[in-house]
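Enquirer: There's a structure below that I have some questions on.
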Amino acid sequence: MKKILYFVFSLSLFLVNNSVIAEPAKDCFNRAAGPEKRCLEGKGSQSNSRSGVLQLLQQLAEQKAISSIIPLLQDSEAYVRDAALEALGQLQAKEAIPTMIPLLQDIDSHVRSKAITVLVQFRAKEAIPSIIPLLQAKDNTVRISTMEALLQLEAQEAIPNIIFLLKDNDSNVRMTAINTLWELRAKEAVSSIIALLKDSDKNIRIRAIEVLSALQGKDAIPEMISLLKDTDDDVRLSAIKALQDLDAKKAVPSIILLLQDSNAKMRSTAISMLRKAKAKEAIPSITPLLQDSATDVRSNAISALEELQGKEAVSSIIPLLNDPVGNVRIQAIDSLSRLQENEIIPRIISLLHDHDERVQIRTMELLQHFQEENTSIPKKEAISNVLPLLQDDDKNIRYTAVATLKALQATEAIPSIIPLLRDTETSVRLTTIETLAALQAKEAIPTFIHFLKDKEPNIRVAAMEALIALQGKEAIPHIAPLLKDEVIEVRKATEERLSKLQNPLLTAFINKTTALLIVICPILAFLPLFLTRKKLFVSIAAFIASLFLFRMLVNISPDYTHMREETLLGRLFQGGVLCVFAISMFLKLSWSIVAGLIRRSPDIDEDSLKAKQN
């Protein structure tokens, strides 16, 4: 079949090649969801003939007639060679690689492009020596696509040829060359990339800076320092960041000059660089920037002085507690708390009334920190100023206020905290429950018991833990129903808490009794079948009592959770035992009826006899 198709295809091709065409054909390519299709618009017979040839080629592909398609790579018609490449690519015909490689020099650009695409698809490294010469092609797009192909083939041997393209006249080619060398981790290209730091295209200069930084090209530091005076802000910013990554301390004097730059982002980035370089000589130039018009500059200046100057920076930073921007005030608060907390404590109460909620929250967090560190703070004054924040409209402030009162052990605040148990925010209610438990607020116990039925699982768990904290073992009767909670996490939490509350000996006794009842219940269910009179009723009562006891113990046993009533195994066990009991009672009743009939039958016969004699 393959030979027949090939014969038909060759005959059709011969007819096409010898047909007379009035006008040249116009190629067009339509790419859809499937492979590339060529449509040829010409006059009459040529269009139809080419269409027929391509259909025949498609049939060869469907028949997987690779051996019949490969010779077509040498066909005189470009569109046939192109279509043959496409078909072989679809068929993953790697055996055709040696025949495809010569097509890299094909006179038709479409064929060359298709040959590269298919060879890359096949990961044909043997084609690399034939692909490299295409880097010298006159067409810019060919040079770019060739670099992309070599990159996909991980062609390290092509690096010297790609380095040459860093001097290409086309900026797109130079950019692709830089990126390709970076992807190939070509450290030998560093000296050639350095030359691009003077490129006329700012994007090339920026990319060269980034790649040199990534390749740790420290030889480029002097050139990068010169770029700090570049006319383009983006170039200078990239240079600063690269010098920072390269840890170029020799660039410090030049970067200090940038602290006076008109671009705020430049000043801020320069501060970060000097901070990382531990450039203490920059302190006199950084200090005035605490009054800079840009928020980021002021914040960065605070951080830099904290790190470079230490406690000596406190007096310079204190005025920024009154900065008009909240972020700057927060930075000042943090720096002062780390440098010299005694300077921040006298001002901490006033910061609780700041108009920025973030400052208020950060201040309360500091109060918690100071309390944990046993730092001397005006505790009573702090509590009285935190209490009004419990009524704040912002949920985050209410949450933090409750947590702060917990840290301050503010038992006098309990009456003000209790109303927050009804807060609309779950997070606030949770921290309120925890706080009241920590403050031993026993007046909240009735509410906690009510919360054991709350719709929120987290609230139920928190209420359980609060009751344990307030009541200890007395909370067990209230907590036990949670062992049947619909949420598995709540059940597990309850089991864990109960296991800690219960005495180990009691737990062992419960587990052993449960195991014994698992064996005894089926026996007691079957026993009534063999007993009569009082013993029968005693056995029934014993069975009912044992089953009830089993259900109760299995719900509080930490080791038999799989036998609980809500589990499949538990339902099967209890249902099975009840079924055995029902069968026993049915058999017992049936036997009693039969036995009664048997006992009565002789009496009936005797009465009949006496009647006849009379």
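Just so we're on the same page: first chain in the structure tokens is A, next is B, and so on; residues restart at 1 for each chain, and ligands are numbered from 1 in the order they show up.
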Using only C-alpha atoms, what does the table of range 218-297 of chain A residues within 12 Å of range 177-191 of chain A look like, with each row giving the shortest atom pair and its distance in Å to one decimal, sorted by chain and ascending number, as JSON lines?

Expert:
```
{"residue": "A:Lys218", "atom": "CA", "partner": "A:Val190", "partner_atom": "CA", "distance": 9.3}
{"residue": "A:Asp219", "atom": "CA", "partner": "A:Ser191", "partner_atom": "CA", "distance": 7.9}
{"residue": "A:Ala220", "atom": "CA", "partner": "A:Ser191", "partner_atom": "CA", "distance": 7.9}
{"residue": "A:Ile221", "atom": "CA", "partner": "A:Ser191", "partner_atom": "CA", "distance": 11.7}
{"residue": "A:Glu223", "atom": "CA", "partner": "A:Ser191", "partner_atom": "CA", "distance": 11.2}
```

Enquirer: May I have the residues within 10 Å of Ile69 in chain A as an NGL selection string, using only C-alpha atoms and disregarding those fewer than 2 positions away in the same chain?

Expert: :A and (6 or 57-58 or 60-61 or 64-67 or 71-73 or 80-81 or 83-85 or 87-88 or 96)

Enquirer: Just to be explicit: take each residue in the selection above, keep N, CA, C and O atoms, and write the result as an mmCIF file, in the first residue's frame.

Expert:
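part_34.cif written:
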```cif
data_model
loop_
_atom_site.group_PDB
_atom_site.id
_atom_site.type_symbol
_atom_site.label_atom_id
_atom_site.label_comp_id
_atom_site.auth_asym_id
_atom_site.auth_seq_id
_atom_site.Cartn_x
_atom_site.Cartn_y
_atom_site.Cartn_z
ATOM 1 N N TYR A 6 3.200 5.949 -2.745
ATOM 2 C CA TYR A 6 4.407 6.684 -3.144
ATOM 3 C C TYR A 6 4.457 6.852 -4.657
ATOM 4 O O TYR A 6 4.806 7.905 -5.185
ATOM 5 N N LEU A 57 0.415 13.570 0.352
ATOM 6 C CA LEU A 57 1.460 13.554 1.376
ATOM 7 C C LEU A 57 0.854 13.320 2.761
ATOM 8 O O LEU A 57 1.408 12.594 3.596
ATOM 9 N N GLN A 58 -0.306 13.921 2.980
ATOM 10 C CA GLN A 58 -1.003 13.719 4.246
ATOM 11 C C GLN A 58 -1.402 12.254 4.417
ATOM 12 O O GLN A 58 -1.337 11.700 5.511
ATOM 13 N N LEU A 60 0.234 9.706 3.150
ATOM 14 C CA LEU A 60 1.471 9.007 3.512
ATOM 15 C C LEU A 60 1.755 9.146 5.004
ATOM 16 O O LEU A 60 2.185 8.199 5.664
ATOM 17 N N ALA A 61 1.508 10.345 5.515
ATOM 18 C CA ALA A 61 1.725 10.582 6.948
ATOM 19 C C ALA A 61 0.769 9.745 7.785
ATOM 20 O O ALA A 61 1.150 9.167 8.811
ATOM 21 N N LYS A 64 1.857 6.447 8.117
ATOM 22 C CA LYS A 64 3.165 6.406 8.779
ATOM 23 C C LYS A 64 4.236 5.843 7.843
ATOM 24 O O LYS A 64 5.124 5.073 8.242
ATOM 25 N N ALA A 65 4.139 6.260 6.587
ATOM 26 C CA ALA A 65 5.078 5.798 5.570
ATOM 27 C C ALA A 65 6.328 6.669 5.580
ATOM 28 O O ALA A 65 6.621 7.414 4.630
ATOM 29 N N ILE A 66 7.064 6.610 6.691
ATOM 30 C CA ILE A 66 8.246 7.462 6.884
ATOM 31 C C ILE A 66 9.270 7.262 5.772
ATOM 32 O O ILE A 66 9.826 8.225 5.237
ATOM 33 N N SER A 67 9.505 6.005 5.410
ATOM 34 C CA SER A 67 10.509 5.714 4.378
ATOM 35 C C SER A 67 10.118 6.309 3.021
ATOM 36 O O SER A 67 10.984 6.564 2.184
ATOM 37 N N PRO A 71 12.529 10.687 1.208
ATOM 38 C CA PRO A 71 13.095 11.139 -0.075
ATOM 39 C C PRO A 71 12.540 12.480 -0.556
ATOM 40 O O PRO A 71 13.208 13.196 -1.306
ATOM 41 N N LEU A 72 11.350 12.833 -0.090
ATOM 42 C CA LEU A 72 10.738 14.085 -0.527
ATOM 43 C C LEU A 72 11.429 15.315 0.065
ATOM 44 O O LEU A 72 11.166 16.440 -0.356
ATOM 45 N N LEU A 73 12.309 15.117 1.050
ATOM 46 C CA LEU A 73 13.082 16.234 1.605
ATOM 47 C C LEU A 73 14.034 16.806 0.568
ATOM 48 O O LEU A 73 14.553 17.920 0.743
ATOM 49 N N VAL A 80 6.967 21.180 -1.116
ATOM 50 C CA VAL A 80 6.981 19.738 -0.837
ATOM 51 C C VAL A 80 7.969 19.441 0.290
ATOM 52 O O VAL A 80 7.675 18.686 1.218
ATOM 53 N N ARG A 81 9.167 20.049 0.194
ATOM 54 C CA ARG A 81 10.172 19.835 1.250
ATOM 55 C C ARG A 81 9.626 20.313 2.595
ATOM 56 O O ARG A 81 9.806 19.668 3.638
ATOM 57 N N ALA A 83 6.439 20.627 3.524
ATOM 58 C CA ALA A 83 5.369 19.741 3.986
ATOM 59 C C ALA A 83 5.931 18.412 4.479
ATOM 60 O O ALA A 83 5.421 17.824 5.438
ATOM 61 N N ALA A 84 6.991 17.920 3.832
ATOM 62 C CA ALA A 84 7.618 16.670 4.264
ATOM 63 C C ALA A 84 8.232 16.826 5.648
ATOM 64 O O ALA A 84 8.121 15.943 6.509
ATOM 65 N N LEU A 85 8.874 17.976 5.887
ATOM 66 C CA LEU A 85 9.420 18.253 7.224
ATOM 67 C C LEU A 85 8.314 18.263 8.278
ATOM 68 O O LEU A 85 8.468 17.706 9.373
ATOM 69 N N ALA A 87 5.418 16.748 8.157
ATOM 70 C CA ALA A 87 4.902 15.391 8.362
ATOM 71 C C ALA A 87 5.851 14.566 9.220
ATOM 72 O O ALA A 87 5.433 13.854 10.137
ATOM 73 N N LEU A 88 7.143 14.658 8.938
ATOM 74 C CA LEU A 88 8.139 13.894 9.717
ATOM 75 C C LEU A 88 8.176 14.377 11.167
ATOM 76 O O LEU A 88 8.396 13.586 12.089
ATOM 77 N N ALA A 96 15.075 10.483 10.391
ATOM 78 C CA ALA A 96 15.239 11.383 9.249
ATOM 79 C C ALA A 96 16.191 12.533 9.530
ATOM 80 O O ALA A 96 16.438 13.363 8.647
#
```

Enquirer: As a count of residues only, please: the residues near Gln471 in chain A (cut-off 12 Å, only C-alpha atoms, same-chain neighbours under 6 positions excluded).

Expert: 17

Enquirer: Per DSSP on the backbone, what are the helix (DSSP H, G or I) residues of range 178-361 of chain A, as number ranges by chain?

Expert: A: 178-183, 187-198, 202-214, 218-229, 233-245, 249-260, 264-276, 280-291, 295-322, 326-339, 341-351, 357-361

Enquirer: So which one's closest to Glu365 in chain A, A:Ala401, A:Ile144, A:Ala382, A:Ala508? Using only C-alpha atoms, please.

Expert: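 Of all the options, A:Ala401 lies closest to Glu365 in chain A.
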